[in-house]
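So the structure is just underneath, and the comments pick up after that.
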Amino acid sequence: MATVSAAAMAAVLLLGERPALADPGEPAEVEARRLVHVLGYVAMDYGGCVANGAVTSVIEYDEQLALLGEAIQVATRIQPSAIESEAGDLAQGIVGVRELVEAKVAPDQVAIASRGARDRVAAAFRLAEAPLSRPDAERGAALYQENCATCHGPTGYADTRRAATLVPHPANFHDAIIAEQLAPVGIESAVRFGVSGTAMIPFTFLSARDRWDLAFHVAGLHHPQPGESPRPLDLPDYSMVELAVRSDADLRAELSARGIPAERHAALLAELRRRVAYGREAASHPLSTARAALDRGRAALREGRLADARAALRTAQLDGIDAAEASVRTVNEALANDLGDGAFALRAELSAGATTEALDAGMATLLRDATYAEVALARSGGAPGRLVAQVSSRLLLREIAAAALFLVALAAVASSRSRRVVHVASGAALLLALAAWVAAALGHMAGFWRTLTAGATIALALAALAGTAALARRREARQMRSHDPSHDGLSRGGRAAVFAAALLAGFGAGFSALDAALGVTLPVAPPAVAGVSITLALLAAGAALVSRASREAARRWGSRPAWLACLLCVPLAGRAVAAFQLCGLLPVHRLPLPRFTALGIYPAVETCLVQAALLGLALAGAARGRRAEGAC
């Protein structure tokens, strides 16, 4: 209760009477942003007018009800724009908050409901509540002196002559109650929208970057500038976005949960607010990499540097979006799919020569979604370990499916004697893939080289399979012409080709499965270790299934199971071509078809042509085999 009361007092002092709601003529996204701001205000302010089920301030309480009534109208107005989202009825969530306020429930209940309604609005419009680039400390300090010092004081004490004339009095950012509840995201929102009925006007003339520079500066005013000493050993890793959405109270709670004594909190908070937020010490999330790359790509587009824009998009996807896929799926499956589809569509538009305006709009949408995803992850505090392991394991299944089918096809072109070679090679390849993945994680191998490694080895394996099939067919034809019944498998050279193909296919698919499931960094947390264990267990199970499925297929090259197995290599061919497209080595010409990565189906001309050619060759070979059997 003390925490809630402190939050309420901070809201009253900082925000004043009440924030202004959007005008009906504003765009839906602007109204949604202001609605998020208002719901955050309600979460903090309610505790200042209700205590122990009784109203302590009639004026404040009536304002809460009026504010929520207007918020319901705004939510109803913007609902049609959010109809395709999974956020549900936005107004209904706010109605629930109003009912709690009318019942005069405890402030913490209203705070939880208000924040839940706020999160639904943010999810419906995927609001990007984070800076696109790292804040500038000097710029933030200069903006504060220019725009805020008159009322809040040069150092944040609100002790100026101007402040003494204002009612309500401007916030003193050194007041412990206020400072504990401030988070940069809330400060940026107050600067953007202002506070109705107070001297805090909307600073519409400031750019988004200026507002964030200013917000991070204000959040750090309460803390002394740390010295030049090295980074404290017990300082947790926080990304810039995590610091943007957390208040000092949030950070203190997390430091306590990590077992850090309270006497160390002040020094660590000063380090986080005054140094880490501005420097390279902050942890870097893959989505931060994606957002920075997309920002560079938009700048390159505006300057006509298409090659640089293409390279930035490749970095955004390979080092950012793909690496973060598993974690994004733990909070929003649809968002993870849209990030992948959006990057694919942009690559196709770049190859097709779309206009700069269209490309910039596409990158802006992708940047918005990536920013929302990173904020959602930062707010969630991390998904439960069981969910992380489940999502990681589900992602690797799409890799295993292609790998298993490919190994069945390899066994199909080998004799019963050569089939063992396939399984020995594939088993060794999985161990090699694990070693290579660990080495890549420790060495922070770039996404370009990871994708190229997986795609190139699978493509080479397909070529080796084609060569092996030719060798098998020639030997079988020779045996049939000589009527020699002693044919019992491939020649030594054929078995060597099978071994090479199995090794390449197993390595490529295994490395790709581990990479897709667990990202680019070596896991140390128990959920990630569990994900690795499940990955290896499922790979082993897949190998066992391949062994059983290949027995019938391996008996004869011309058998129907053998040709069916070869047809099943078509998905793997699609994945290999897509890997080269991801690396920018092949163009992308989009087709109006759905994308099913688990089956290797990508809506692009290049992948479809390769798969159609492979399918045609397999069918032609099957027809020729049947004619040969009929002739015998």
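Note on naming: chains are A, B, ... as they come in the structure tokens, residues start from 1 per chain, ligands start from 1 in the order shown.
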
message: Env of Val95 in chain A: 10 Å cut, atoms = only C-alpha atoms, seq-sep filter 4 positions within chain, self excluded. Answer as a VMD selection string.
response: chain A and resid 68 to 69 71 to 72 90 to 91 99 to 101 117

Residues from last step as file, N, CA and C atoms, as a PDB file, in the first residue's frame:
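Done, and the output landed in part_4.pdb:
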```pdb
ATOM      1  N   LEU A  68     -12.015   8.159 -17.141  1.00  0.00           N
ATOM      2  CA  LEU A  68     -12.244   6.811 -17.665  1.00  0.00           C
ATOM      3  C   LEU A  68     -13.439   6.804 -18.617  1.00  0.00           C
ATOM      4  N   GLY A  69     -14.458   7.641 -18.348  1.00  0.00           N
ATOM      5  CA  GLY A  69     -15.584   7.733 -19.273  1.00  0.00           C
ATOM      6  C   GLY A  69     -15.147   8.224 -20.644  1.00  0.00           C
ATOM      7  N   ALA A  71     -12.138   7.966 -21.785  1.00  0.00           N
ATOM      8  CA  ALA A  71     -11.262   6.938 -22.331  1.00  0.00           C
ATOM      9  C   ALA A  71     -12.062   5.837 -23.012  1.00  0.00           C
ATOM     10  N   ILE A  72     -13.214   5.492 -22.450  1.00  0.00           N
ATOM     11  CA  ILE A  72     -14.076   4.478 -23.072  1.00  0.00           C
ATOM     12  C   ILE A  72     -14.543   4.958 -24.445  1.00  0.00           C
ATOM     13  N   LEU A  90     -11.259  -3.141 -26.828  1.00  0.00           N
ATOM     14  CA  LEU A  90     -10.461  -2.207 -26.040  1.00  0.00           C
ATOM     15  C   LEU A  90     -11.315  -1.486 -25.014  1.00  0.00           C
ATOM     16  N   ALA A  91     -12.525  -1.078 -25.422  1.00  0.00           N
ATOM     17  CA  ALA A  91     -13.394  -0.334 -24.511  1.00  0.00           C
ATOM     18  C   ALA A  91     -13.821  -1.192 -23.325  1.00  0.00           C
ATOM     19  N   GLU A  99     -15.339   0.100 -13.460  1.00  0.00           N
ATOM     20  CA  GLU A  99     -16.144  -0.619 -12.465  1.00  0.00           C
ATOM     21  C   GLU A  99     -15.370  -0.820 -11.168  1.00  0.00           C
ATOM     22  N   LEU A 100     -14.072  -1.076 -11.292  1.00  0.00           N
ATOM     23  CA  LEU A 100     -13.246  -1.223 -10.085  1.00  0.00           C
ATOM     24  C   LEU A 100     -13.153   0.107  -9.339  1.00  0.00           C
ATOM     25  N   VAL A 101     -13.009   1.189 -10.086  1.00  0.00           N
ATOM     26  CA  VAL A 101     -12.941   2.512  -9.456  1.00  0.00           C
ATOM     27  C   VAL A 101     -14.262   2.832  -8.750  1.00  0.00           C
ATOM     28  N   ALA A 117      -5.185  -2.937 -19.416  1.00  0.00           N
ATOM     29  CA  ALA A 117      -5.897  -2.263 -20.506  1.00  0.00           C
ATOM     30  C   ALA A 117      -4.926  -1.471 -21.375  1.00  0.00           C
TER      31      ALA A 117
END
```

- request: Name all residues at most 8 Å from Phe203 in chain A (count only C-alpha atoms; drop same-chain ones fewer than 6 positions away) and give them as a PyMOL selection string.
  value: chain A and resi 191-194

Could you take the residues named above and write them with N, CA, C and O atoms, as a compact mmCIF listing (two decimals), in the first residue's frame?
```
# COMPACT_ATOMS: atom_id res chain seq x y z
N VAL A 191 6.01 14.59 -21.81
CA VAL A 191 6.57 15.66 -22.63
C VAL A 191 5.81 15.76 -23.95
O VAL A 191 5.55 16.85 -24.46
N ARG A 192 5.43 14.63 -24.50
CA ARG A 192 4.76 14.63 -25.80
C ARG A 192 3.33 15.17 -25.72
O ARG A 192 2.91 15.96 -26.56
N PHE A 193 2.58 14.75 -24.68
CA PHE A 193 1.16 15.09 -24.63
C PHE A 193 0.83 16.21 -23.66
O PHE A 193 -0.28 16.77 -23.69
N GLY A 194 1.76 16.54 -22.76
CA GLY A 194 1.48 17.59 -21.80
C GLY A 194 0.49 17.14 -20.75
O GLY A 194 0.07 15.99 -20.71
```

task: Can you work out which one of A:Ala249, A:Leu127, A:Asp45, A:Pro587 has the shortest atom-to-atom distance to Ala373 in chain A, counting only C-alpha atoms?
output: A:Leu127

- request: Could you give me, as a PyMOL selection string, the residues within 9 Å of Ala309 in chain A, counting only C-alpha atoms and dropping anything in the same chain fewer than 4 positions from it?
  value: chain A and resi 293-294+296-301+304-305+313-314+350

All helix (DSSP H, G or I) positions in range 95-239 of chain A, as a ChimeraX atom specification: /A:95-102,107-125,137-147,149-152,161-164,176-181,184-193,208-220

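Distances to Ala502 in chain A were evaluated for A:Arg291, A:His222, A:His423, A:Arg264 using only C-alpha atoms, and the minimum falls at A:His423.
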
- prompt: Please, what distance in Å, to one decimal, runs between CA of Arg161 in chain A and CA of Ala179 in chain A?
  reply: 22.1 Å

message: Could you list, as a PyMOL selection string, every residue within 10 Å of range 152-157 of chain A, counting only C-alpha atoms and ignoring same-chain residues fewer than 3 positions away?
response: chain A and resi 141+144-149+160-163+169-175+218+221-222

Go ahead and save the picked residues with N, CA, C and O atoms, as a PDB file, in the first residue's frame.
```pdb
ATOM      1  N   ALA A 141      20.868  16.979 -21.678  1.00  0.00           N
ATOM      2  CA  ALA A 141      21.134  18.034 -20.697  1.00  0.00           C
ATOM      3  C   ALA A 141      20.855  19.412 -21.281  1.00  0.00           C
ATOM      4  O   ALA A 141      20.274  20.285 -20.612  1.00  0.00           O
ATOM      5  N   TYR A 144      17.121  20.010 -21.551  1.00  0.00           N
ATOM      6  CA  TYR A 144      16.529  20.263 -20.243  1.00  0.00           C
ATOM      7  C   TYR A 144      16.738  21.721 -19.839  1.00  0.00           C
ATOM      8  O   TYR A 144      15.790  22.397 -19.378  1.00  0.00           O
ATOM      9  N   GLN A 145      17.944  22.229 -19.987  1.00  0.00           N
ATOM     10  CA  GLN A 145      18.222  23.621 -19.613  1.00  0.00           C
ATOM     11  C   GLN A 145      17.408  24.588 -20.467  1.00  0.00           C
ATOM     12  O   GLN A 145      16.955  25.635 -19.989  1.00  0.00           O
ATOM     13  N   GLU A 146      17.174  24.217 -21.704  1.00  0.00           N
ATOM     14  CA  GLU A 146      16.474  25.115 -22.632  1.00  0.00           C
ATOM     15  C   GLU A 146      14.969  25.110 -22.417  1.00  0.00           C
ATOM     16  O   GLU A 146      14.311  26.154 -22.553  1.00  0.00           O
ATOM     17  N   ASN A 147      14.404  23.955 -22.049  1.00  0.00           N
ATOM     18  CA  ASN A 147      12.947  23.836 -22.024  1.00  0.00           C
ATOM     19  C   ASN A 147      12.345  23.586 -20.646  1.00  0.00           C
ATOM     20  O   ASN A 147      11.144  23.822 -20.468  1.00  0.00           O
ATOM     21  N   CYS A 148      13.129  23.106 -19.691  1.00  0.00           N
ATOM     22  CA  CYS A 148      12.557  22.648 -18.430  1.00  0.00           C
ATOM     23  C   CYS A 148      13.077  23.389 -17.198  1.00  0.00           C
ATOM     24  O   CYS A 148      12.429  23.383 -16.153  1.00  0.00           O
ATOM     25  N   ALA A 149      14.284  23.960 -17.284  1.00  0.00           N
ATOM     26  CA  ALA A 149      14.935  24.519 -16.095  1.00  0.00           C
ATOM     27  C   ALA A 149      14.145  25.669 -15.485  1.00  0.00           C
ATOM     28  O   ALA A 149      14.190  25.879 -14.263  1.00  0.00           O
ATOM     29  N   THR A 160      12.779  27.470  -8.494  1.00  0.00           N
ATOM     30  CA  THR A 160      12.917  28.756  -9.188  1.00  0.00           C
ATOM     31  C   THR A 160      11.759  29.691  -8.843  1.00  0.00           C
ATOM     32  O   THR A 160      10.737  29.282  -8.276  1.00  0.00           O
ATOM     33  N   ARG A 161      11.910  30.972  -9.188  1.00  0.00           N
ATOM     34  CA  ARG A 161      10.840  31.946  -8.968  1.00  0.00           C
ATOM     35  C   ARG A 161       9.590  31.578  -9.753  1.00  0.00           C
ATOM     36  O   ARG A 161       8.463  31.722  -9.272  1.00  0.00           O
ATOM     37  N   ARG A 162       9.807  31.133 -10.964  1.00  0.00           N
ATOM     38  CA  ARG A 162       8.667  30.719 -11.789  1.00  0.00           C
ATOM     39  C   ARG A 162       7.923  29.557 -11.139  1.00  0.00           C
ATOM     40  O   ARG A 162       6.686  29.544 -11.101  1.00  0.00           O
ATOM     41  N   ALA A 163       8.634  28.580 -10.607  1.00  0.00           N
ATOM     42  CA  ALA A 163       7.996  27.418  -9.975  1.00  0.00           C
ATOM     43  C   ALA A 163       7.147  27.840  -8.792  1.00  0.00           C
ATOM     44  O   ALA A 163       6.076  27.254  -8.534  1.00  0.00           O
ATOM     45  N   HIS A 169       2.451  22.840  -7.957  1.00  0.00           N
ATOM     46  CA  HIS A 169       3.879  23.122  -8.022  1.00  0.00           C
ATOM     47  C   HIS A 169       4.558  22.095  -8.929  1.00  0.00           C
ATOM     48  O   HIS A 169       4.224  20.907  -8.896  1.00  0.00           O
ATOM     49  N   PRO A 170       5.489  22.514  -9.779  1.00  0.00           N
ATOM     50  CA  PRO A 170       6.211  21.551 -10.635  1.00  0.00           C
ATOM     51  C   PRO A 170       6.924  20.495  -9.805  1.00  0.00           C
ATOM     52  O   PRO A 170       7.260  20.711  -8.633  1.00  0.00           O
ATOM     53  N   ALA A 171       7.149  19.353 -10.414  1.00  0.00           N
ATOM     54  CA  ALA A 171       7.762  18.231  -9.710  1.00  0.00           C
ATOM     55  C   ALA A 171       9.203  18.528  -9.349  1.00  0.00           C
ATOM     56  O   ALA A 171       9.960  19.094 -10.143  1.00  0.00           O
ATOM     57  N   ASN A 172       9.586  18.140  -8.129  1.00  0.00           N
ATOM     58  CA  ASN A 172      10.975  18.153  -7.688  1.00  0.00           C
ATOM     59  C   ASN A 172      11.540  16.768  -7.965  1.00  0.00           C
ATOM     60  O   ASN A 172      11.187  15.796  -7.289  1.00  0.00           O
ATOM     61  N   PHE A 173      12.399  16.663  -8.958  1.00  0.00           N
ATOM     62  CA  PHE A 173      12.883  15.349  -9.381  1.00  0.00           C
ATOM     63  C   PHE A 173      13.858  14.716  -8.401  1.00  0.00           C
ATOM     64  O   PHE A 173      14.275  13.566  -8.599  1.00  0.00           O
ATOM     65  N   HIS A 174      14.205  15.453  -7.333  1.00  0.00           N
ATOM     66  CA  HIS A 174      15.055  14.877  -6.294  1.00  0.00           C
ATOM     67  C   HIS A 174      14.226  14.355  -5.126  1.00  0.00           C
ATOM     68  O   HIS A 174      14.791  13.770  -4.198  1.00  0.00           O
ATOM     69  N   ASP A 175      12.939  14.593  -5.161  1.00  0.00           N
ATOM     70  CA  ASP A 175      12.057  14.039  -4.133  1.00  0.00           C
ATOM     71  C   ASP A 175      12.034  12.518  -4.296  1.00  0.00           C
ATOM     72  O   ASP A 175      11.730  12.000  -5.380  1.00  0.00           O
ATOM     73  N   VAL A 218      16.152  13.345 -17.408  1.00  0.00           N
ATOM     74  CA  VAL A 218      15.329  13.570 -16.223  1.00  0.00           C
ATOM     75  C   VAL A 218      15.366  12.340 -15.309  1.00  0.00           C
ATOM     76  O   VAL A 218      15.447  12.470 -14.080  1.00  0.00           O
ATOM     77  N   LEU A 221      18.462  12.488 -13.080  1.00  0.00           N
ATOM     78  CA  LEU A 221      18.764  13.662 -12.257  1.00  0.00           C
ATOM     79  C   LEU A 221      18.912  13.322 -10.775  1.00  0.00           C
ATOM     80  O   LEU A 221      19.687  13.961 -10.061  1.00  0.00           O
ATOM     81  N   HIS A 222      18.169  12.356 -10.310  1.00  0.00           N
ATOM     82  CA  HIS A 222      18.167  12.006  -8.887  1.00  0.00           C
ATOM     83  C   HIS A 222      19.465  11.310  -8.470  1.00  0.00           C
ATOM     84  O   HIS A 222      19.725  11.177  -7.272  1.00  0.00           O
TER      85      HIS A 222
END
```

- prompt: At what distance in Å, to one decimal, does CA of Ala496 in chain A lie from CA of Ser426 in chain A?
  reply: 13.3 Å

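We find CA of Pro226 in chain A and CA of Glu271 in chain A to be spaced 6.0 Å apart.
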
task: Name all residues at most 8 Å from Ala459 in chain A (count only C-alpha atoms; drop same-chain ones fewer than 2 positions away) and give them as a PyMOL selection string.
output: chain A and resi 455-457+461-463+573+576-577

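For Ile260 in chain A, the non-local neighbours within 8 Å, defined as residues at least 5 positions apart in the same chain or in other chains and counting only C-alpha atoms, are Asp234, Leu255 and His265 of chain A.
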
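Closest approach to Ala433 in chain A among A:Arg379, A:Ser512, A:Pro594, A:Pro236 is made by A:Ser512 (distances from only C-alpha atoms).
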
- request: Quick one: everything within 12 Å of Gly53 in chain A, counting only C-alpha atoms, minus sequence neighbours fewer than 3 positions away in the same chain. Send it as a list in words.
  value: Tyr46, Gly47, Cys49, Val50, Thr56, Leu100, Val101, Glu102, Ala103, Lys104, Val105, Ala106, Pro107 and Gln109 of chain A
